[in-house]
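See structure below.
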Amino acid sequence: MEGFGPEPLVRARHLVEQGALAEAQRLVRRAVADEPSSAPALTLAGQIAIRSSTAGEALRHFHRANCASRLDDPRSLLNLARARQMAGQADRAVATARQALELFSADQRPRGLLALLHAEAGNIDEAAAVLQAGDTAQLDADTAYRLGTALKHEPRHHELAVDLLARAASTAGRFLQKALRDLAVTLPPNDPRCYHAARRYAVLSPDAVDGMHAIGEIFKARRYPVKQAVWNWQSYCASPGDLSGLKRVADLLHEVKWPAHGIAAGRLLLQHNPNNLEVIYHICDLFIRHRELSEDKDTAQEQALAWGRSVLDGAPRDPRIWDAVAGLCKDIEAFDVASTLWRRILRKFPRQRVLYYNYGLFLDERNRLPEAIGALRSALMLSPDYYKASNLLSLVMARVHRLNTAVQVVRWAIVSQPGQSTVWLNYGSHLRPIRDYGRAIDAFEQAERLAKLTRDKEQEAAARFNIGMTYLSIGELGKGFNYLEARWATKGFPSPKRNFRQPIWLGPQRQPGASLLAYMEQGMGDEVMMSWYLPLLRRDTERLAVDCDERLVELFSRTYDGIEFLPRSRDGHAKTRDPALTHKIPIVHVPQYYVPELKFLMRNNWEWARLGGTRFPARLVLEPDRLARWDRWLEERFPGRPRVAISWRSKMRNRTRDQQYLTTDELAAALPEGGVAVNLQYSSTEEEIAELHKFGQQYGFEVVTPEGVDLTNDLEDIFALLQVCDAAVTPMISLAWMAGAVGCPGYIFRTSRERVIWQQFGSAFVPWAPSLRLFFRDPSESWEATIRDLNRSLTQLLAAGSRRYG
């Protein structure tokens with residue numbers, strides 16, 4: 001037909017792309033009828049037959065097209081091979097593909113088809129062997145995807161499969177998303193390519209659950225549990241219903257302490273099993289965390305209480321569920337609710353010893369000690385060998401100052417459970433205050449042995465720490481300080497280990513002439529106290545740098561020649577990383593190497609025992625101008641009046657520490673008439689200052705707070721004020737050690753049944769701060785007698801005329 005040319009084939013191809021196969025077929029038939037040897041027309045006819053799933057017709061057309069082709073490229077043979085495969089002629093299809101490969105060996109397409117034919121026939125090794133280096137980057141995306149999916153399950157061809165899938169994923173097409181998905185699940189989760197593929201898949205298919213799960217597994221491999229939880233929870237929400245999957249994600253949300261979603265997941269689980277104890281425990285934990293993080297703690301508390309009520313409305317028969325809800329009420333500080341609920345629980349389950357124990361623990365924490373004793377005794381009546389109850393009861397007895405009873409009760413715990421290190425630890429803790437030091441050390445050593453057997457590092461450290469403190473109390477300094485190295489592993493030790501690169505210094509005998517980095521520990525008062533050792537360290541080292549509180553750097557630098565003082569920071573001063581500093585040592589490791597020096601000091605100064613509470617030479621060097629300014633400031637305002645620096649508590653408050661502190665009226669009763677109370681209490685409130693002024697009028701002294709001084713940070717001013725005061729009255733907090741460091745007579749309140757502090761090292765005075773005088777009370781007593789004693793002694797000192805600085 002004149003003028004028909006190629007145009008009908010172009011139109012036919014467009015119709016095929018649009019899916020109009022019948023109309024396209026009519027055009028192609030006319031073209032073939034007009035030119036029976038037209039290879040393009042025959043090829044298109046075969047492609048239409050394939051789309052119409054008529055394999056025989058496709059084979060016939062592709063065979064004719066191959067015969068008509070000039071064989072200048074492999075496409076006609078490849079089409080024929082595909083048609084033969086489609087017609088079930090697998091062997092002939094392979095032979096045709098091989099023929100194409102022989103004729104066009106430089107072309108990757110015949111290799112791709114031959115490999116695919118082998119793979120689809122199950123001949124995986126033959127398929128992999130056909131391909132050459134570089135083929136994976138040139139194959140069409142469809143062939144690459146089909147080959148990759150066929151090879152991905154064979155570990156020996158893993159990398160080849162990955163390369164093929166990556167090729168399929170590199171080109172837009174019908175297999176792009178599938179290739180990305182397969183890459184995400186085929187590659188190891190820690191492979192960067194896996195994350196890249198999974199992210200792309202998630203962008204293209206944001207609702208695909210398998211993509212979310214794959215990203216979750218990637219974050220699991222990378223040990224990012226929070227991100228893992230995000231994606232796993234998202235994947236569950238996108239396709240809910242799998243209880244095992246919900247359980248896994250709920251556990252993970254609890255592990256990462258993600259409250260809102262963790263609580264939601266837990267509540268879904270409870271719909272299927274309302275009394276699942278583990279899930280209830282997890283939800284309780286998450287409500288506690290939710291309140292910790294919430295700015296509106298009242299609302300968070302009410303949400304937790306509402307959930308707890310909903311659990312108990314079902315009247316569960318398991319007492320542990322009731323106990324868990326009561327514990328939740330306690331931990332979210334709904335103390336009245338918890339107290340009422342526990343009493344209700346005990347009426348409902350009167351024979352459950354653990355409920356009495358937990359109620360007793362709650363009462364102990366709330367300082368309702370007589371009620372705690374009753375609850376714990378009820379637990380022991382139900383189960384006399386319940387060592388936890390007798391162990392806790394011994395602690396409560398000690399808190400109500402019945403130490404002999406505490407010793408008896410903890411012995412029963414030892415009889416009930418002799419292999420528990422904690423009961424031996426408490427036994428030693430009860431023996432030490434009654435000065436039964438030998439048996440206390442034996443008990444702590446037994447606790448240490450048992451903790452080692454159970455590999456309980458925290459208990460082992462606590463036992464060693466207590467052994468060390470007991471040895472220090474009786475003057476066994478070398479042993480004591482050596483045992484104190486365990487302090488780092490004890491629970492709640494206030495100073496974290498510093499991440500300095502150097503090895504620990506082992507002392508001047510084993511490593512003389514070291515270039516040493518020493519670093520201070522704990523609070524500012526401890527730094528001042530332990531600075532006593534700095535001259536000794538400097539004597540025995542080639543170079544000494546000291547990492548300390550920034551507020552002390554200038555003062556220490558002025559006092560101690562030849563030492564570099566570096567301000568402490570989280571990452572450490574740059575000079576702490578000086579390669580020339582060969583060793584490091586935390587300051588409390590130091591005293592064990594200088595026991596002879598300390599014992600010599602004590603032996604040659606026994607008269608200090610009677611001189612405590614009098615003026616001593618200052619150990620730290622203050623600025624003369626600062627001293628003169630504060631002396632003048634006080635003299636101008638209170639000419640000729642005795643000056644007493646005062647402090648009555650620390651900022652840190654808890655049940656144990658509060659026993660050491662005074663109220664403002666107790667402090668006022670201790671101060672002599674006619675003097676000036678110089679307020680150095682860094683955390684005082686306006687109400688406390690007003691009370692002191694009122695009590696000052698009652699007891700005949702005046703109160704003044706130094707003007708323009710930050711009582712937390714202006715340490716040099718505080719040191720100077722202490723040195724120009726006649727005395728200081730304070731508990732054993734940082735101000736006491738500051739007074740001792742400048743030789744100010746320190747009159748120190750202290751609660752202790754032992755009536756000693758460990759810093760006395762078995763002596764009658766404090767070697768590091770001999771100007772201090774300690775006034776003890778038994779924990780079972782009020783401060784009244786101690787106050788009278790201190791007031792009388794301080795009055796005598798001031799009447800005799802205190803020798804101020806200079």
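Letters for chains follow the order of the structure tokens (A, B, ...), residue numbers begin at 1 for each chain, and ligand numbers begin at 1 in the order shown.
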
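By only C-alpha atoms, and with residues fewer than 2 positions from stretch 287-292 of chain A along its chain excluded, the set lying at most 7 Å from it is Lys257, Pro259, Ile283, Cys284, Asp285, Ser294, Lys297, Ala300, Gln301, Ala304, Asp331 and Ile332 of chain A.
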
Save out the residues we just selected, all heavy atoms, as a PDB file, in the first residue's frame.
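Contents of out10.pdb, freshly written:
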```pdb
ATOM      1  N   LYS A 257      11.647   3.770  77.900  1.00  0.00           N
ATOM      2  CA  LYS A 257      10.924   4.704  78.775  1.00  0.00           C
ATOM      3  C   LYS A 257      10.259   5.832  77.968  1.00  0.00           C
ATOM      4  O   LYS A 257      10.451   7.012  78.235  1.00  0.00           O
ATOM      5  CB  LYS A 257      11.869   5.269  79.844  1.00  0.00           C
ATOM      6  CG  LYS A 257      12.411   4.216  80.785  1.00  0.00           C
ATOM      7  CD  LYS A 257      11.304   3.627  81.656  1.00  0.00           C
ATOM      8  CE  LYS A 257      11.833   2.619  82.671  1.00  0.00           C
ATOM      9  NZ  LYS A 257      12.197   1.349  82.105  1.00  0.00           N
ATOM     10  N   PRO A 259       6.900   7.208  77.529  1.00  0.00           N
ATOM     11  CA  PRO A 259       5.668   6.993  78.294  1.00  0.00           C
ATOM     12  C   PRO A 259       4.383   6.943  77.474  1.00  0.00           C
ATOM     13  O   PRO A 259       3.640   5.962  77.557  1.00  0.00           O
ATOM     14  CB  PRO A 259       5.657   8.173  79.273  1.00  0.00           C
ATOM     15  CG  PRO A 259       7.058   8.636  79.350  1.00  0.00           C
ATOM     16  CD  PRO A 259       7.648   8.376  78.010  1.00  0.00           C
ATOM     17  N   ILE A 283       3.377  -0.601  82.687  1.00  0.00           N
ATOM     18  CA  ILE A 283       2.573   0.624  82.617  1.00  0.00           C
ATOM     19  C   ILE A 283       2.810   1.480  83.858  1.00  0.00           C
ATOM     20  O   ILE A 283       2.900   2.713  83.763  1.00  0.00           O
ATOM     21  CB  ILE A 283       1.082   0.280  82.437  1.00  0.00           C
ATOM     22  CG1 ILE A 283       0.862  -0.395  81.080  1.00  0.00           C
ATOM     23  CG2 ILE A 283       0.227   1.533  82.552  1.00  0.00           C
ATOM     24  CD1 ILE A 283      -0.574  -0.841  80.843  1.00  0.00           C
ATOM     25  N   CYS A 284       2.927   0.847  85.011  1.00  0.00           N
ATOM     26  CA  CYS A 284       3.239   1.593  86.240  1.00  0.00           C
ATOM     27  C   CYS A 284       4.559   2.353  86.081  1.00  0.00           C
ATOM     28  O   CYS A 284       4.650   3.549  86.412  1.00  0.00           O
ATOM     29  CB  CYS A 284       3.315   0.651  87.439  1.00  0.00           C
ATOM     30  SG  CYS A 284       1.714   0.000  87.983  1.00  0.00           S
ATOM     31  N   ASP A 285       5.571   1.659  85.597  1.00  0.00           N
ATOM     32  CA  ASP A 285       6.869   2.315  85.384  1.00  0.00           C
ATOM     33  C   ASP A 285       6.735   3.516  84.454  1.00  0.00           C
ATOM     34  O   ASP A 285       7.342   4.570  84.683  1.00  0.00           O
ATOM     35  CB  ASP A 285       7.877   1.328  84.769  1.00  0.00           C
ATOM     36  CG  ASP A 285       8.366   0.306  85.776  1.00  0.00           C
ATOM     37  OD1 ASP A 285       8.169   0.510  86.977  1.00  0.00           O
ATOM     38  OD2 ASP A 285       8.951  -0.707  85.339  1.00  0.00           O
ATOM     39  N   SER A 294       6.728  15.374  82.938  1.00  0.00           N
ATOM     40  CA  SER A 294       5.636  16.300  82.684  1.00  0.00           C
ATOM     41  C   SER A 294       5.835  17.619  83.431  1.00  0.00           C
ATOM     42  O   SER A 294       6.269  17.646  84.589  1.00  0.00           O
ATOM     43  CB  SER A 294       4.312  15.660  83.116  1.00  0.00           C
ATOM     44  OG  SER A 294       3.245  16.568  82.950  1.00  0.00           O
ATOM     45  N   LYS A 297       2.551  18.239  86.683  1.00  0.00           N
ATOM     46  CA  LYS A 297       2.668  17.001  87.450  1.00  0.00           C
ATOM     47  C   LYS A 297       1.342  16.600  88.098  1.00  0.00           C
ATOM     48  O   LYS A 297       1.083  15.406  88.289  1.00  0.00           O
ATOM     49  CB  LYS A 297       3.762  17.128  88.504  1.00  0.00           C
ATOM     50  CG  LYS A 297       5.139  17.356  87.888  1.00  0.00           C
ATOM     51  CD  LYS A 297       6.254  17.134  88.884  1.00  0.00           C
ATOM     52  CE  LYS A 297       7.606  17.397  88.242  1.00  0.00           C
ATOM     53  NZ  LYS A 297       7.879  16.509  87.095  1.00  0.00           N
ATOM     54  N   ALA A 300      -0.606  14.778  85.390  1.00  0.00           N
ATOM     55  CA  ALA A 300       0.035  13.470  85.163  1.00  0.00           C
ATOM     56  C   ALA A 300      -0.278  12.516  86.310  1.00  0.00           C
ATOM     57  O   ALA A 300      -0.520  11.319  86.092  1.00  0.00           O
ATOM     58  CB  ALA A 300       1.539  13.655  85.009  1.00  0.00           C
ATOM     59  N   GLN A 301      -0.276  13.041  87.525  1.00  0.00           N
ATOM     60  CA  GLN A 301      -0.609  12.200  88.673  1.00  0.00           C
ATOM     61  C   GLN A 301      -2.045  11.702  88.594  1.00  0.00           C
ATOM     62  O   GLN A 301      -2.324  10.514  88.828  1.00  0.00           O
ATOM     63  CB  GLN A 301      -0.397  12.987  89.964  1.00  0.00           C
ATOM     64  CG  GLN A 301      -0.634  12.170  91.227  1.00  0.00           C
ATOM     65  CD  GLN A 301      -0.614  13.038  92.469  1.00  0.00           C
ATOM     66  OE1 GLN A 301      -1.576  13.726  92.780  1.00  0.00           O
ATOM     67  NE2 GLN A 301       0.504  13.007  93.190  1.00  0.00           N
ATOM     68  N   ALA A 304      -2.456   8.896  86.085  1.00  0.00           N
ATOM     69  CA  ALA A 304      -1.968   7.621  86.610  1.00  0.00           C
ATOM     70  C   ALA A 304      -2.945   7.032  87.614  1.00  0.00           C
ATOM     71  O   ALA A 304      -3.228   5.822  87.601  1.00  0.00           O
ATOM     72  CB  ALA A 304      -0.590   7.826  87.250  1.00  0.00           C
ATOM     73  N   ASP A 331       5.007   6.107  94.167  1.00  0.00           N
ATOM     74  CA  ASP A 331       6.072   6.663  93.340  1.00  0.00           C
ATOM     75  C   ASP A 331       5.660   7.936  92.619  1.00  0.00           C
ATOM     76  O   ASP A 331       6.524   8.719  92.218  1.00  0.00           O
ATOM     77  CB  ASP A 331       6.556   5.614  92.329  1.00  0.00           C
ATOM     78  CG  ASP A 331       7.334   4.493  92.996  1.00  0.00           C
ATOM     79  OD1 ASP A 331       7.956   4.742  94.037  1.00  0.00           O
ATOM     80  OD2 ASP A 331       7.305   3.354  92.481  1.00  0.00           O
ATOM     81  N   ILE A 332       4.357   8.159  92.439  1.00  0.00           N
ATOM     82  CA  ILE A 332       3.918   9.429  91.853  1.00  0.00           C
ATOM     83  C   ILE A 332       3.551  10.423  92.951  1.00  0.00           C
ATOM     84  O   ILE A 332       2.928  11.452  92.687  1.00  0.00           O
ATOM     85  CB  ILE A 332       2.743   9.228  90.878  1.00  0.00           C
ATOM     86  CG1 ILE A 332       1.533   8.639  91.596  1.00  0.00           C
ATOM     87  CG2 ILE A 332       3.157   8.371  89.690  1.00  0.00           C
ATOM     88  CD1 ILE A 332       0.278   8.578  90.728  1.00  0.00           C
TER      89      ILE A 332
END
```

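Every protein, DNA or RNA residue with an atom at most 6 Å from stretch 126-129 of chain A, where only C-alpha atoms count and chain neighbours fewer than 6 positions away do not, is listed here: A:Ala115, A:His118, A:Ala119.
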
Would you list the contacts of A:Val678 as a ChimeraX atom specification, taking every protein, DNA or RNA residue within 9 Å and counting only C-alpha atoms, but skipping same-chain residues closer than 5 positions in sequence?
/A:643-647,702-706,721,725,728

For the residues in the current selection, export N, CA, C and O atoms as a CSV table (one decimal), in the first residue's frame.
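Output saved as result.csv:
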```csv
chain,number,residue,atom,x,y,z
A,643,ARG,N,32.6,38.4,117.0
A,643,ARG,CA,32.0,38.0,115.7
A,643,ARG,C,32.0,36.5,115.6
A,643,ARG,O,33.0,35.9,115.7
A,644,VAL,N,30.8,36.0,115.3
A,644,VAL,CA,30.7,34.5,115.1
A,644,VAL,C,30.0,34.3,113.7
A,644,VAL,O,28.9,34.7,113.5
A,645,ALA,N,30.8,33.6,112.9
A,645,ALA,CA,30.2,33.2,111.6
A,645,ALA,C,29.3,32.0,111.8
A,645,ALA,O,29.5,31.1,112.6
A,646,ILE,N,28.1,32.0,111.1
A,646,ILE,CA,27.1,31.0,111.4
A,646,ILE,C,26.7,30.3,110.1
A,646,ILE,O,26.6,31.0,109.0
A,647,SER,N,26.3,29.1,110.2
A,647,SER,CA,25.6,28.3,109.2
A,647,SER,C,24.9,27.2,109.9
A,647,SER,O,25.3,26.8,111.0
A,702,GLU,N,23.2,40.4,117.5
A,702,GLU,CA,22.8,41.0,116.2
A,702,GLU,C,23.1,40.0,115.1
A,702,GLU,O,24.0,39.2,115.2
A,703,VAL,N,22.4,40.2,114.0
A,703,VAL,CA,22.6,39.3,112.8
A,703,VAL,C,22.9,40.2,111.6
A,703,VAL,O,22.3,41.3,111.4
A,704,VAL,N,24.0,39.9,110.8
A,704,VAL,CA,24.3,40.6,109.7
A,704,VAL,C,24.7,39.7,108.5
A,704,VAL,O,25.4,38.7,108.8
A,705,THR,N,24.2,40.0,107.3
A,705,THR,CA,24.6,39.2,106.1
A,705,THR,C,25.6,40.1,105.3
A,705,THR,O,25.2,41.3,105.0
A,706,PRO,N,26.8,39.7,105.0
A,706,PRO,CA,27.7,40.5,104.3
A,706,PRO,C,27.1,41.1,103.0
A,706,PRO,O,26.5,40.3,102.2
A,721,LEU,N,36.0,36.4,105.6
A,721,LEU,CA,35.1,36.6,106.7
A,721,LEU,C,35.3,35.7,107.8
A,721,LEU,O,35.3,36.0,109.0
A,725,CYS,N,36.6,36.6,111.7
A,725,CYS,CA,35.6,36.3,112.8
A,725,CYS,C,36.3,35.6,114.0
A,725,CYS,O,37.4,35.0,113.8
A,728,ALA,N,33.4,30.2,114.4
A,728,ALA,CA,32.3,29.8,113.5
A,728,ALA,C,31.5,28.8,114.2
A,728,ALA,O,32.1,27.9,114.8
```

Would you give me, as a ChimeraX atom specification, the residues in stretch 99-166 of chain A that DSSP reads as alpha helix (DSSP H)?
/A:99-103,108-120,124-130,141-151,158-166

Let me see the file: selected residues, C-alpha atoms, as a PDB file, in the first residue's frame.
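Written file, out22.pdb:
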```pdb
ATOM      1  CA  GLN A  99      23.144 -18.237  19.895  1.00  0.00           C
ATOM      2  CA  ALA A 100      22.533 -14.530  20.585  1.00  0.00           C
ATOM      3  CA  LEU A 101      25.458 -14.513  23.015  1.00  0.00           C
ATOM      4  CA  GLU A 102      27.768 -16.151  20.480  1.00  0.00           C
ATOM      5  CA  LEU A 103      26.832 -13.610  17.813  1.00  0.00           C
ATOM      6  CA  GLN A 108      25.321  -7.639  28.012  1.00  0.00           C
ATOM      7  CA  ARG A 109      21.686  -8.277  26.987  1.00  0.00           C
ATOM      8  CA  PRO A 110      22.154 -11.882  25.809  1.00  0.00           C
ATOM      9  CA  ARG A 111      24.068 -12.685  29.012  1.00  0.00           C
ATOM     10  CA  GLY A 112      21.300 -11.106  31.062  1.00  0.00           C
ATOM     11  CA  LEU A 113      18.575 -13.167  29.350  1.00  0.00           C
ATOM     12  CA  LEU A 114      20.600 -16.391  29.458  1.00  0.00           C
ATOM     13  CA  ALA A 115      21.293 -15.864  33.165  1.00  0.00           C
ATOM     14  CA  LEU A 116      17.600 -15.176  33.766  1.00  0.00           C
ATOM     15  CA  LEU A 117      16.561 -18.329  31.875  1.00  0.00           C
ATOM     16  CA  HIS A 118      18.942 -20.404  33.989  1.00  0.00           C
ATOM     17  CA  ALA A 119      17.747 -18.772  37.184  1.00  0.00           C
ATOM     18  CA  GLU A 120      14.066 -19.315  36.387  1.00  0.00           C
ATOM     19  CA  ILE A 124      21.298 -20.609  40.125  1.00  0.00           C
ATOM     20  CA  ASP A 125      25.010 -21.316  39.828  1.00  0.00           C
ATOM     21  CA  GLU A 126      24.800 -21.400  36.006  1.00  0.00           C
ATOM     22  CA  ALA A 127      22.945 -18.099  36.059  1.00  0.00           C
ATOM     23  CA  ALA A 128      25.637 -16.436  38.186  1.00  0.00           C
ATOM     24  CA  ALA A 129      28.408 -17.901  36.034  1.00  0.00           C
ATOM     25  CA  VAL A 130      27.031 -16.368  32.815  1.00  0.00           C
ATOM     26  CA  ALA A 141      16.008  -2.751  35.395  1.00  0.00           C
ATOM     27  CA  ASP A 142      13.470  -5.544  34.801  1.00  0.00           C
ATOM     28  CA  THR A 143      16.119  -8.193  34.067  1.00  0.00           C
ATOM     29  CA  ALA A 144      18.256  -6.983  36.984  1.00  0.00           C
ATOM     30  CA  TYR A 145      15.330  -7.200  39.401  1.00  0.00           C
ATOM     31  CA  ARG A 146      14.246 -10.670  38.252  1.00  0.00           C
ATOM     32  CA  LEU A 147      17.822 -11.963  38.529  1.00  0.00           C
ATOM     33  CA  GLY A 148      18.374 -10.279  41.911  1.00  0.00           C
ATOM     34  CA  THR A 149      15.242 -11.796  43.434  1.00  0.00           C
ATOM     35  CA  ALA A 150      16.237 -15.234  42.101  1.00  0.00           C
ATOM     36  CA  LEU A 151      19.769 -15.014  43.557  1.00  0.00           C
ATOM     37  CA  HIS A 158      24.595 -12.512  48.028  1.00  0.00           C
ATOM     38  CA  GLU A 159      26.755  -9.643  46.762  1.00  0.00           C
ATOM     39  CA  LEU A 160      25.781 -10.313  43.127  1.00  0.00           C
ATOM     40  CA  ALA A 161      22.101 -10.258  44.108  1.00  0.00           C
ATOM     41  CA  VAL A 162      22.623  -6.972  45.957  1.00  0.00           C
ATOM     42  CA  ASP A 163      24.310  -5.425  42.919  1.00  0.00           C
ATOM     43  CA  LEU A 164      21.448  -6.535  40.684  1.00  0.00           C
ATOM     44  CA  LEU A 165      18.781  -5.193  43.042  1.00  0.00           C
ATOM     45  CA  ALA A 166      20.724  -1.948  43.377  1.00  0.00           C
TER      46      ALA A 166
END
```

Can you pull out the residues contacting A:Phe335? Cut-off 12 Å, using only C-alpha atoms, and skip same-chain residues under 2 positions away; I want them as JSON, numbers by chain.
{"A": [301, 305, 326, 327, 328, 329, 330, 331, 332, 333, 337, 338, 339, 340, 341, 342, 359, 362, 363, 365, 366, 368]}

Closest to A:Arg193 among A:Asp207, A:Gly743, A:Ala169, A:Gly438, using only C-alpha atoms?
A:Ala169

Set the distance at 10 Å and use only C-alpha atoms: which residues neighbour stretch 563-573 of chain A once local chain neighbours fewer than 4 positions away are removed? I'd like the list as a count of residues only.
30

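The space separating atom CA of A:Thr795 from atom CA of A:Thr614 comes to 12.4 Å.
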
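One distance worth recording is that between atom CA of A:Ile467 and atom CA of A:Pro586, which is 19.7 Å.
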
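Taking only C-alpha atoms, the non-local environment of A:Met530 within 10 Å (same-chain residues fewer than 4 positions away omitted) comprises Met520, Glu521, Met524, Gly525, Asp526, Leu534, Ile587, Val588, Val590, Pro591, Trp737 and Trp768 of chain A.
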
Residues just named, written with C-alpha atoms as a PDB file, in the first residue's frame:
```
ATOM      1  CA  MET A 520      39.550  16.674  93.339  1.00  0.00           C
ATOM      2  CA  GLU A 521      36.360  14.850  94.292  1.00  0.00           C
ATOM      3  CA  MET A 524      33.949  22.007  97.793  1.00  0.00           C
ATOM      4  CA  GLY A 525      34.519  21.301 101.507  1.00  0.00           C
ATOM      5  CA  ASP A 526      36.157  18.005 100.616  1.00  0.00           C
ATOM      6  CA  LEU A 534      49.063  18.937  97.884  1.00  0.00           C
ATOM      7  CA  ILE A 587      42.594  12.930  95.481  1.00  0.00           C
ATOM      8  CA  VAL A 588      41.098  10.368  97.899  1.00  0.00           C
ATOM      9  CA  VAL A 590      46.380   9.948  97.754  1.00  0.00           C
ATOM     10  CA  PRO A 591      46.356   9.598 101.594  1.00  0.00           C
ATOM     11  CA  TRP A 737      36.371  22.812 106.572  1.00  0.00           C
ATOM     12  CA  TRP A 768      43.588  18.231 108.973  1.00  0.00           C
TER      13      TRP A 768
END
```

Write out as a list in words which residues come within 9 Å of A:Gln659 when counting only C-alpha atoms, dropping same-chain ones fewer than 6 positions away.
Arg750, Thr751 and Pro779 of chain A

Please extract the residues of stretch 495-562 of chain A with a backbone DSSP assignment of strand (DSSP E or B) and present them as a ChimeraX atom specification.
/A:504,514-519,541-548
